[in-house]
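> File target32.txt follows (compact mmCIF, C-alpha atoms):
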# COMPACT_ATOMS: atom_id res chain seq x y z
CA MET A 415 0.00 0.00 0.00
CA SER A 416 2.23 2.83 -1.18
CA LEU A 417 1.40 6.51 -1.51
CA ARG A 418 0.97 7.95 -4.99
CA GLY A 419 3.15 10.54 -6.69
CA PRO A 420 1.91 13.89 -8.00
CA PRO A 421 -1.16 13.56 -10.26
CA ASN A 422 0.58 15.13 -13.24
CA ASP A 423 3.49 12.69 -13.18
CA ARG A 424 1.62 9.44 -13.39
CA SER A 425 2.49 6.65 -15.79
CA PRO A 426 -0.23 5.18 -18.02
CA ALA A 427 -0.50 2.13 -15.76
CA GLU A 428 -0.93 4.38 -12.72
CA LEU A 429 -3.57 6.42 -14.53
CA LEU A 430 -5.45 3.29 -15.53
CA THR A 431 -5.57 1.95 -11.97
CA PHE A 432 -6.71 5.23 -10.39
CA GLY A 433 -8.24 7.28 -13.14
CA VAL A 434 -11.40 8.58 -14.72
CA VAL A 435 -12.55 8.79 -18.32
CA ASN A 436 -15.13 11.42 -19.25
CA LEU A 437 -16.95 9.12 -21.65
CA ASP A 438 -19.46 10.17 -24.29
CA LYS A 439 -21.83 7.27 -23.75
CA PRO A 440 -22.77 5.46 -26.95
CA PRO A 441 -26.49 4.89 -27.58
CA GLY A 442 -27.73 1.32 -27.16
CA PRO A 443 -26.02 -0.40 -24.24
CA SER A 444 -26.82 0.32 -20.61
CA SER A 445 -24.39 2.36 -18.54
CA HIS A 446 -23.52 -0.76 -16.62
CA GLN A 447 -22.62 -2.65 -19.80
CA VAL A 448 -20.49 0.21 -21.07
CA SER A 449 -18.49 0.45 -17.85
CA GLY A 450 -18.04 -3.32 -17.97
CA TRP A 451 -16.56 -3.06 -21.49
CA ILE A 452 -14.26 -0.26 -20.38
CA ARG A 453 -13.12 -2.33 -17.41
CA ASP A 454 -12.37 -5.31 -19.68
CA ALA A 455 -10.47 -3.15 -22.17
CA VAL A 456 -8.36 -1.65 -19.40
CA SER A 457 -7.58 -4.93 -17.67
CA ASP A 458 -6.66 -6.53 -21.02
CA SER A 459 -4.37 -3.60 -21.81
CA LEU A 460 -2.67 -3.73 -18.43
CA GLU A 461 -2.07 -7.44 -18.93
CA ARG A 462 -0.63 -6.93 -22.41
CA ALA A 463 1.62 -4.19 -21.08
CA ASP A 464 2.94 -6.51 -18.33
CA ALA A 465 2.15 -3.70 -15.95
CA GLY A 466 2.10 -5.90 -12.89
CA THR A 467 -1.20 -4.42 -11.75
CA THR A 468 -4.72 -4.74 -12.98
CA ILE A 469 -8.15 -3.34 -12.22
CA ASP A 470 -11.06 -5.46 -11.13
CA ARG A 471 -13.70 -2.75 -11.21
CA ALA A 472 -14.95 0.20 -13.22
CA ALA A 473 -17.86 2.33 -12.10
CA HIS A 474 -19.92 5.01 -13.79
CA ALA A 475 -21.17 8.24 -12.30
CA GLY A 476 -24.94 8.53 -12.52
CA THR A 477 -26.76 5.91 -14.59
CA LEU A 478 -27.90 6.96 -18.04
CA ASP A 479 -30.67 4.96 -19.69
CA PRO A 480 -29.60 2.79 -22.65
CA LYS A 481 -30.68 5.13 -25.44
CA VAL A 482 -29.21 8.24 -23.82
CA THR A 483 -25.86 9.67 -24.88
CA GLY A 484 -23.54 12.16 -23.26
CA CYS A 485 -21.43 12.75 -20.19
CA LEU A 486 -20.80 9.48 -18.33
CA PRO A 487 -17.62 9.63 -16.25
CA VAL A 488 -16.20 6.14 -15.84
CA MET A 489 -13.98 5.59 -12.82
CA LEU A 490 -11.22 2.99 -13.11
CA GLY A 491 -9.75 0.71 -10.45
CA ASP A 492 -9.38 2.36 -7.07
CA ALA A 493 -11.08 5.51 -8.31
CA THR A 494 -14.38 3.60 -8.07
CA ARG A 495 -14.22 4.49 -4.38
CA LEU A 496 -14.97 8.07 -5.35
CA ALA A 497 -18.47 7.37 -6.63
CA GLN A 498 -20.00 9.26 -3.70
CA ALA A 499 -18.40 12.49 -4.91
CA PHE A 500 -20.88 12.50 -7.79
CA LEU A 501 -24.03 11.80 -5.77
CA GLU A 502 -24.95 15.35 -4.83
CA GLY A 503 -23.62 17.06 -7.94
CA GLN A 504 -25.85 18.89 -10.37
CA LYS A 505 -26.72 17.40 -13.73
CA GLU A 506 -27.39 19.15 -17.02
CA TYR A 507 -29.27 17.72 -19.99
CA VAL A 508 -30.34 18.73 -23.46
CA SER A 509 -33.64 17.08 -24.26
CA VAL A 510 -36.24 17.05 -26.98
CA LEU A 511 -39.82 17.47 -25.79
CA GLU A 512 -42.13 15.82 -28.31
CA CYS A 513 -45.53 17.49 -28.05
CA HIS A 514 -48.70 15.69 -29.06
CA ALA A 515 -50.12 18.79 -30.72
CA PRO A 516 -48.59 21.99 -32.15
CA VAL A 517 -46.53 23.87 -29.56
CA PRO A 518 -48.58 26.82 -28.22
CA ALA A 519 -47.30 30.38 -28.55
CA ASP A 520 -46.83 30.93 -24.81
CA ALA A 521 -44.77 27.74 -24.38
CA GLU A 522 -41.72 29.60 -23.09
CA SER A 523 -43.58 31.26 -20.24
CA VAL A 524 -45.37 28.03 -19.29
CA ILE A 525 -42.07 26.16 -19.26
CA SER A 526 -40.25 28.84 -17.28
CA ALA A 527 -42.76 28.32 -14.46
CA PHE A 528 -41.14 24.92 -13.86
CA GLU A 529 -37.86 26.48 -12.71
CA GLY A 530 -37.29 26.02 -9.01
CA PRO A 531 -38.39 23.14 -6.79
CA ILE A 532 -40.84 20.69 -8.38
CA TYR A 533 -42.70 17.60 -7.20
CA GLN A 534 -41.82 14.33 -8.90
CA LYS A 535 -42.91 10.75 -8.39
CA PRO A 536 -40.36 8.36 -9.94
CA PRO A 537 -41.71 6.36 -12.93
CA ARG A 538 -42.69 2.71 -12.66
CA LYS A 539 -39.42 1.50 -14.11
CA SER A 540 -37.07 3.07 -11.56
CA ALA A 541 -34.43 1.96 -9.11
CA VAL A 542 -35.73 4.10 -6.25
CA SER A 543 -38.86 3.86 -4.12
CA ARG A 544 -41.82 5.56 -5.78
CA ARG A 545 -42.49 8.21 -3.20
CA LEU A 546 -43.40 11.77 -4.12
CA ARG A 547 -40.29 13.88 -3.68
CA VAL A 548 -39.04 17.35 -4.38
CA ARG A 549 -36.24 18.08 -6.82
CA GLU A 550 -34.85 21.44 -7.81
CA LEU A 551 -34.63 22.69 -11.39
CA TYR A 552 -31.86 25.25 -11.29
CA ASP A 553 -32.23 26.32 -14.89
CA LEU A 554 -34.69 25.48 -17.62
CA GLU A 555 -34.14 27.08 -21.01
CA VAL A 556 -36.01 26.69 -24.26
CA LEU A 557 -33.28 26.52 -26.89
CA GLU A 558 -35.51 26.07 -29.93
CA ALA A 559 -39.02 25.14 -30.90
CA THR A 560 -40.32 23.61 -34.11
CA GLU A 561 -43.94 22.84 -34.83
CA ARG A 562 -44.15 19.88 -32.44
CA GLN A 563 -40.75 19.71 -30.81
CA VAL A 564 -39.10 21.84 -28.15
CA LEU A 565 -35.35 21.65 -27.47
CA LEU A 566 -34.72 22.19 -23.77
CA ARG A 567 -31.59 22.71 -21.71
CA ILE A 568 -32.19 21.54 -18.15
CA ARG A 569 -29.84 22.05 -15.21
CA CYS A 570 -31.18 20.13 -12.25
CA GLU A 571 -30.60 18.40 -8.96
CA SER A 572 -29.28 14.85 -8.94
CA GLY A 573 -32.18 12.40 -9.10
CA THR A 574 -34.47 14.48 -11.32
CA TYR A 575 -36.33 12.45 -13.93
CA VAL A 576 -36.26 14.33 -17.22
CA ARG A 577 -38.79 11.90 -18.67
CA LYS A 578 -41.31 12.80 -15.96
CA LEU A 579 -40.53 16.48 -16.38
CA CYS A 580 -41.28 16.30 -20.10
CA HIS A 581 -44.54 14.51 -19.36
CA ASP A 582 -45.54 17.20 -16.87
CA ILE A 583 -44.56 20.08 -19.17
CA GLY A 584 -46.70 18.44 -21.84
CA LEU A 585 -49.65 18.51 -19.45
CA ALA A 586 -49.00 22.14 -18.57
CA LEU A 587 -48.83 23.13 -22.21
CA GLY A 588 -52.18 21.44 -22.80
CA THR A 589 -50.85 19.41 -25.69
CA GLY A 590 -49.48 16.42 -23.79
CA GLY A 591 -45.88 15.44 -24.42
CA HIS A 592 -43.15 12.93 -23.93
CA MET A 593 -39.39 12.98 -23.80
CA GLY A 594 -37.67 12.39 -27.14
CA HIS A 595 -33.92 12.15 -27.47
CA LEU A 596 -31.83 12.94 -24.41
CA ARG A 597 -28.20 13.88 -23.98
CA ARG A 598 -26.47 14.59 -20.68
CA THR A 599 -24.24 17.60 -21.10
CA ALA A 600 -22.86 17.81 -17.59
CA THR A 601 -22.52 15.82 -14.41
CA ASP A 602 -20.55 18.01 -12.06
CA PRO A 603 -17.55 18.38 -12.14
CA PHE A 604 -17.43 17.06 -15.74
CA ASP A 605 -19.19 18.46 -18.80
CA ASP A 606 -19.47 18.10 -22.54
CA ARG A 607 -16.37 20.14 -23.36
CA THR A 608 -14.00 17.25 -22.63
CA LEU A 609 -15.91 14.17 -23.76
CA HIS A 610 -14.23 11.21 -25.46
CA THR A 611 -15.92 8.34 -27.25
CA ALA A 612 -15.28 4.70 -26.42
CA GLU A 613 -13.50 4.28 -29.78
CA GLU A 614 -11.14 7.13 -28.95
CA PHE A 615 -10.37 5.43 -25.66
CA LEU A 616 -9.68 2.05 -27.26
CA ASP A 617 -7.46 3.73 -29.83
CA ALA A 618 -5.55 5.56 -27.09
CA LEU A 619 -4.92 2.22 -25.36
CA GLU A 620 -3.68 0.68 -28.60
CA PHE A 621 -1.44 3.63 -29.43
CA TRP A 622 0.13 3.23 -26.00
CA LEU A 623 0.61 -0.53 -26.38
CA GLU A 624 1.51 -0.78 -30.07
CA ASP A 625 3.14 2.54 -30.89
CA ASP A 626 4.57 3.28 -27.44
CA ASP A 627 2.78 6.63 -27.56
CA PRO A 628 1.13 7.43 -24.21
CA GLU A 629 0.05 10.97 -25.22
CA PRO A 630 -3.52 10.13 -26.33
CA LEU A 631 -3.98 8.13 -23.13
CA HIS A 632 -2.83 11.07 -21.02
CA GLU A 633 -5.43 13.24 -22.71
CA ILE A 634 -8.29 10.82 -22.18
CA VAL A 635 -7.62 9.19 -18.82
CA LEU A 636 -7.44 11.77 -16.05
CA PRO A 637 -6.04 11.14 -12.57
CA GLY A 638 -8.71 10.21 -10.00
CA GLU A 639 -8.03 13.53 -8.25
CA ARG A 640 -9.89 15.27 -11.09
CA ILE A 641 -13.17 13.98 -9.61
CA LEU A 642 -12.44 15.70 -6.31
CA GLU A 643 -11.72 19.17 -7.65
CA HIS A 644 -14.87 20.71 -6.22
CA ILE A 645 -14.41 19.21 -2.74
CA PRO A 646 -12.54 21.26 -0.10
CA SER A 647 -9.04 19.95 0.55
CA VAL A 648 -7.06 19.25 3.68
CA VAL A 649 -3.28 18.89 3.29
CA ILE A 650 -1.64 16.36 5.57
CA ALA A 651 1.95 15.26 6.06
CA GLU A 652 3.22 12.11 4.39
CA SER A 653 3.68 10.41 7.75
CA ALA A 654 0.02 11.07 8.58
CA ALA A 655 -0.92 9.75 5.14
CA ARG A 656 0.80 6.46 5.90
CA GLU A 657 -1.27 6.16 9.08
CA VAL A 658 -4.44 6.90 7.11
CA ALA A 659 -3.50 4.14 4.68
CA GLU A 660 -3.64 1.77 7.64
CA GLY A 661 -7.04 3.11 8.69
CA ALA A 662 -6.21 5.72 11.31
CA PRO A 663 -8.13 9.02 11.28
CA VAL A 664 -6.32 12.28 10.69
CA TYR A 665 -5.05 13.83 13.92
CA ALA A 666 -4.18 17.51 14.42
CA PRO A 667 -0.37 17.13 14.42
CA GLY A 668 -0.43 15.68 10.89
CA VAL A 669 -2.48 18.47 9.39
CA LEU A 670 -0.74 21.14 7.32
CA GLU A 671 -3.71 23.05 5.88
CA VAL A 672 -7.41 23.09 6.68
CA PRO A 673 -10.10 24.71 4.49
CA ASP A 674 -12.55 27.27 5.80
CA VAL A 675 -15.67 25.09 5.73
CA ASP A 676 -18.23 23.93 8.30
CA ARG A 677 -17.70 20.94 10.50
CA GLY A 678 -19.34 17.85 9.05
CA SER A 679 -18.44 18.79 5.46
CA LEU A 680 -16.99 16.26 3.08
CA VAL A 681 -13.29 16.96 2.53
CA THR A 682 -10.42 15.32 0.68
CA CYS A 683 -7.04 14.81 2.32
CA TYR A 684 -3.99 15.29 0.11
CA THR A 685 -0.27 14.86 0.65
CA PRO A 686 1.77 17.97 -0.19
CA ASN A 687 2.52 16.63 -3.70
CA GLY A 688 -1.16 16.82 -4.60
CA ALA A 689 -2.04 13.12 -4.42
CA ALA A 690 -5.36 12.29 -2.77
CA VAL A 691 -5.15 10.05 0.26
CA CYS A 692 -8.72 9.77 1.53
CA LEU A 693 -12.21 11.21 1.63
CA GLY A 694 -13.38 12.25 5.07
CA THR A 695 -15.58 14.42 7.22
CA LEU A 696 -14.15 17.50 8.88
CA VAL A 697 -14.64 17.14 12.63
CA GLY A 698 -11.97 19.52 13.91
CA ASP A 699 -10.79 22.95 12.81
CA ALA A 700 -7.68 24.90 11.92
CA SER A 701 -6.94 25.91 15.45
CA SER A 702 -6.96 22.37 16.90
CA GLU A 703 -3.75 21.44 18.64
CA SER A 704 -4.78 17.86 19.31
CA GLY A 705 -7.58 15.42 18.64
CA THR A 706 -9.15 14.16 15.42
CA VAL A 707 -9.47 16.64 12.58
CA VAL A 708 -10.83 14.38 9.85
CA GLU A 709 -12.85 11.19 10.26
CA LEU A 710 -12.31 8.75 7.39
CA GLU A 711 -15.01 8.04 4.81
CA ARG A 712 -13.04 6.21 2.12
CA VAL A 713 -9.33 5.49 1.97
CA LEU A 714 -7.91 5.89 -1.51
CA VAL A 715 -4.43 4.43 -1.10
CA MET B 625 -27.83 6.37 -33.95
CA LYS B 626 -29.25 9.44 -35.63
CA SER B 627 -30.31 11.83 -32.91
CA ASN B 628 -32.64 14.80 -33.35
CA ILE B 629 -30.25 16.69 -31.13
CA ARG B 630 -27.58 18.12 -33.40
CA VAL B 631 -24.45 19.94 -32.39
CA CYS B 632 -22.40 22.69 -34.03
CA SER B 633 -19.50 21.05 -35.86
CA ALA B 634 -17.22 24.01 -35.13
CA TRP B 635 -18.02 24.48 -31.43
CA GLU B 636 -14.43 23.97 -30.34
CA GLN B 637 -13.28 26.96 -32.37
CA ALA B 638 -16.32 29.21 -32.32
CA HIS B 639 -17.99 28.63 -28.95
CA GLU B 640 -17.10 27.94 -25.34
CA ARG B 641 -19.42 24.97 -24.99
CA PRO B 642 -21.13 22.78 -27.59
CA VAL B 643 -24.16 24.49 -29.09
CA TYR B 644 -27.14 22.20 -29.63
CA THR B 645 -29.91 22.61 -32.18
CA LEU B 646 -32.69 20.73 -33.93
CA SER B 647 -31.83 22.29 -37.28
CA GLU B 648 -29.04 21.57 -39.78
CA THR B 649 -27.10 24.75 -39.04
CA CYS B 650 -25.74 26.27 -35.85
CA PRO B 651 -28.04 29.09 -34.65
CA GLU B 652 -25.09 31.09 -33.32
CA CYS B 653 -22.37 30.83 -35.92
CA GLY B 654 -24.04 29.30 -38.97
CA ALA B 655 -21.69 26.35 -39.31
CA ASP B 656 -23.09 22.92 -40.13
CA ALA B 657 -24.76 21.08 -37.29
CA VAL B 658 -23.91 17.39 -37.07
CA ASN B 659 -25.33 14.44 -35.18
CA SER B 660 -24.55 14.73 -31.47
CA ALA B 661 -24.86 11.01 -30.74
CA PRO B 662 -21.61 9.00 -30.85
CA ALA B 663 -21.40 5.94 -33.11
CA PRO B 664 -22.87 2.75 -31.61
CA PHE B 665 -20.08 0.94 -29.84
CA ASP B 666 -19.19 -2.69 -30.34
CA PRO B 667 -16.88 -4.18 -27.69
CA THR B 668 -15.39 -6.53 -30.28
CA ASP B 669 -14.40 -3.43 -32.30
CA LYS B 670 -14.02 -5.32 -35.56
CA HIS B 671 -12.77 -2.29 -37.50
CA GLY B 672 -10.45 -0.84 -34.86
CA GLU B 673 -7.32 -1.88 -36.74
CA TYR B 674 -8.37 0.00 -39.87
CA ARG B 675 -9.60 3.03 -37.94
CA ARG B 676 -6.23 3.31 -36.21
CA ALA B 677 -4.35 2.82 -39.49
CA LEU B 678 -6.37 5.72 -40.87
CA LYS B 679 -5.58 7.88 -37.86
CA ARG B 680 -1.88 7.11 -38.14
CA ARG B 681 -1.90 7.91 -41.84
CA ASN B 682 -3.63 11.20 -41.21
CA ARG B 683 -1.37 12.38 -38.46
Please re-express this file's structure in structure tokens.

Amino acid sequence: MSLRGPPNDRSPAELLTFGVVNLDKPPGPSSHQVSGWIRDAVSDSLERADAGTTIDRAAHAGTLDPKVTGCLPVMLGDATRLAQAFLEGQKEYVSVLECHAPVPADAESVISAFEGPIYQKPPRKSAVSRRLRVRELYDLEVLEATERQVLLRIRCESGTYVRKLCHDIGLALGTGGHMGHLRRTATDPFDDRTLHTAEEFLDALEFWLEDDDPEPLHEIVLPGERILEHIPSVVIAESAAREVAEGAPVYAPGVLEVPDVDRGSLVTCYTPNGAAVCLGTLVGDASSESGTVVELERVLV
Amino acid sequence: MKSNIRVCSAWEQAHERPVYTLSETCPECGADAVNSAPAPFDPTDKHGEYRRALKRRNR
């Protein structure tokens, strides 16, 4: 169990065992199937490269339905432990609303009334319990409208069902409606500016293995730390990091820097070289001389 | 898969983020709008060898 070097100096094998790919999900397979294929491709590549390590897991951040495309970050190897960092994050989608009659003239004002908190009951085919719950729509923009279709950009809380939203907007418009094509354009902290397709990823692996060119792989596979960018960071000494690797919480003497956030917040502990050591909850503060400062949530080394 | 959601083909040069549209041209810069959906993926990747040969040739 050794500590990692700086995120920017990682070898391809290190990136593949603790990394994340901002994948543009292909239409057709489920998110679970896609992350399984990515896992298999990575473990095959590590074996062919005689890397000495392998990954046994790949996880995706926020399930997209089979026909949906767009931002699906896939975490590799030990980075799968970071899945909880995506749970609360906002999501953004571009969706087609197919109306069952011509779109009325006041559609934009009717749709803008949906911004803010809304009630939703999850659909029949859902993984969660079907209780009425509130979800927030942070932003709802009509991009375009044709005779029977409306192109929407939706920025919403995690767990919002766009399909249900389209159904409800259809009711509000008086025409009835259903969700057409859907594309996820952001799942914080990733968005559609840095997406890569599965083919690009496979090609990057092959260029590394066959042509000895790791550049494409460095562009596509980001260090696991990239997932934690929006989480406040605590810097701890290397000696403290070794203790954390064995399961000990972070005590005051090992802490070098503490962020200015409330107690109980999720924080990430880093060694001074920028490598992430663990996710934890802040239980102490900057002025503590002794006692526990961070309780462990997940150890990453 | 052909998606109704199209994206500006020149978004990397002309815009900060991809611009989506239902029409064939970008509403902001007028460039062609292409299919936003990636090609269907096959884990066996039968044509990978040829795709990579093409990429190497075009480099």
> Contacts of Phe665 in chain B at 10 Å or less, counting all atoms listed in the file, minus same-chain residues fewer than 2 places along, as a count of residues only?
15
> Which one of A:Gly433, A:Gly484, A:Pro421, A:Gly591 sits closest to Ala661 in chain B if you count only C-alpha atoms?
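For Ala661 in chain B, the nearest of the given residues is A:Gly484.
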> Do a neighbour search on Ala677 in chain B at 12 Å with all atoms listed in the file, toss out local chain neighbours closer than 4 positions, and write the hits as a ChimeraX atom specification.
/A:617,620-621,624-625 /B:671-673,681-683
> For each of A:Val517, A:Ala586, A:Leu496, A:Ala541, take the minimum atom-to-atom distance to Glu643 in chain A, counting all atoms listed in the file, then give the residue where this is smallest.
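Going through A:Val517, A:Ala586, A:Leu496, A:Ala541 one by one, the smallest distance to Glu643 in chain A is for A:Leu496.
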> Near Leu642 in chain A, within 10 Å and counting all atoms listed in the file, which residues show up once chain neighbours fewer than 5 positions away are dropped, as a count of residues only?
9
> Which distance in Å separates CA of Asp605 in chain A and CA of Ile634 in chain A, to one decimal?
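Between these atoms lies a distance of 13.7 Å.
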> Suppose you want the space between CA of Tyr552 in chain A and CA of Glu571 in chain A; what is it in Å?
7.3 Å
> In Å, with one decimal, what is the gap from CA of Gly584 in chain A to CA of Cys632 in chain B?
27.5 Å
> Using only C-alpha atoms, which of the listed residues (A:Ala463, A:Arg577, A:Val691, A:Pro536) sits closest to Pro426 in chain A?
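Of the candidates, the smallest distance to Pro426 in chain A is held by A:Ala463.
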> Let me make sure I understand: among A:Asp626, A:Lys481, A:Arg544, A:Lys578, which one has the smallest atom-to-atom distance to Lys626 in chain B if we use all atoms listed in the file?
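Result for the nearest residue to Lys626 in chain B: A:Lys481.
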> Taking only C-alpha atoms into account, name the residue in A:His632, A:Arg462, A:Arg567, A:Arg607 that is nearest to Thr645 in chain B.
A:Arg567
> For each of A:Arg453, A:Arg471, A:Lys535, A:Arg547, take the minimum atom-to-atom distance to chain B, counting all atoms listed in the file, then give the residue where this is smallest.
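Counting all atoms listed in the file, the residue closest to chain B is A:Arg453.
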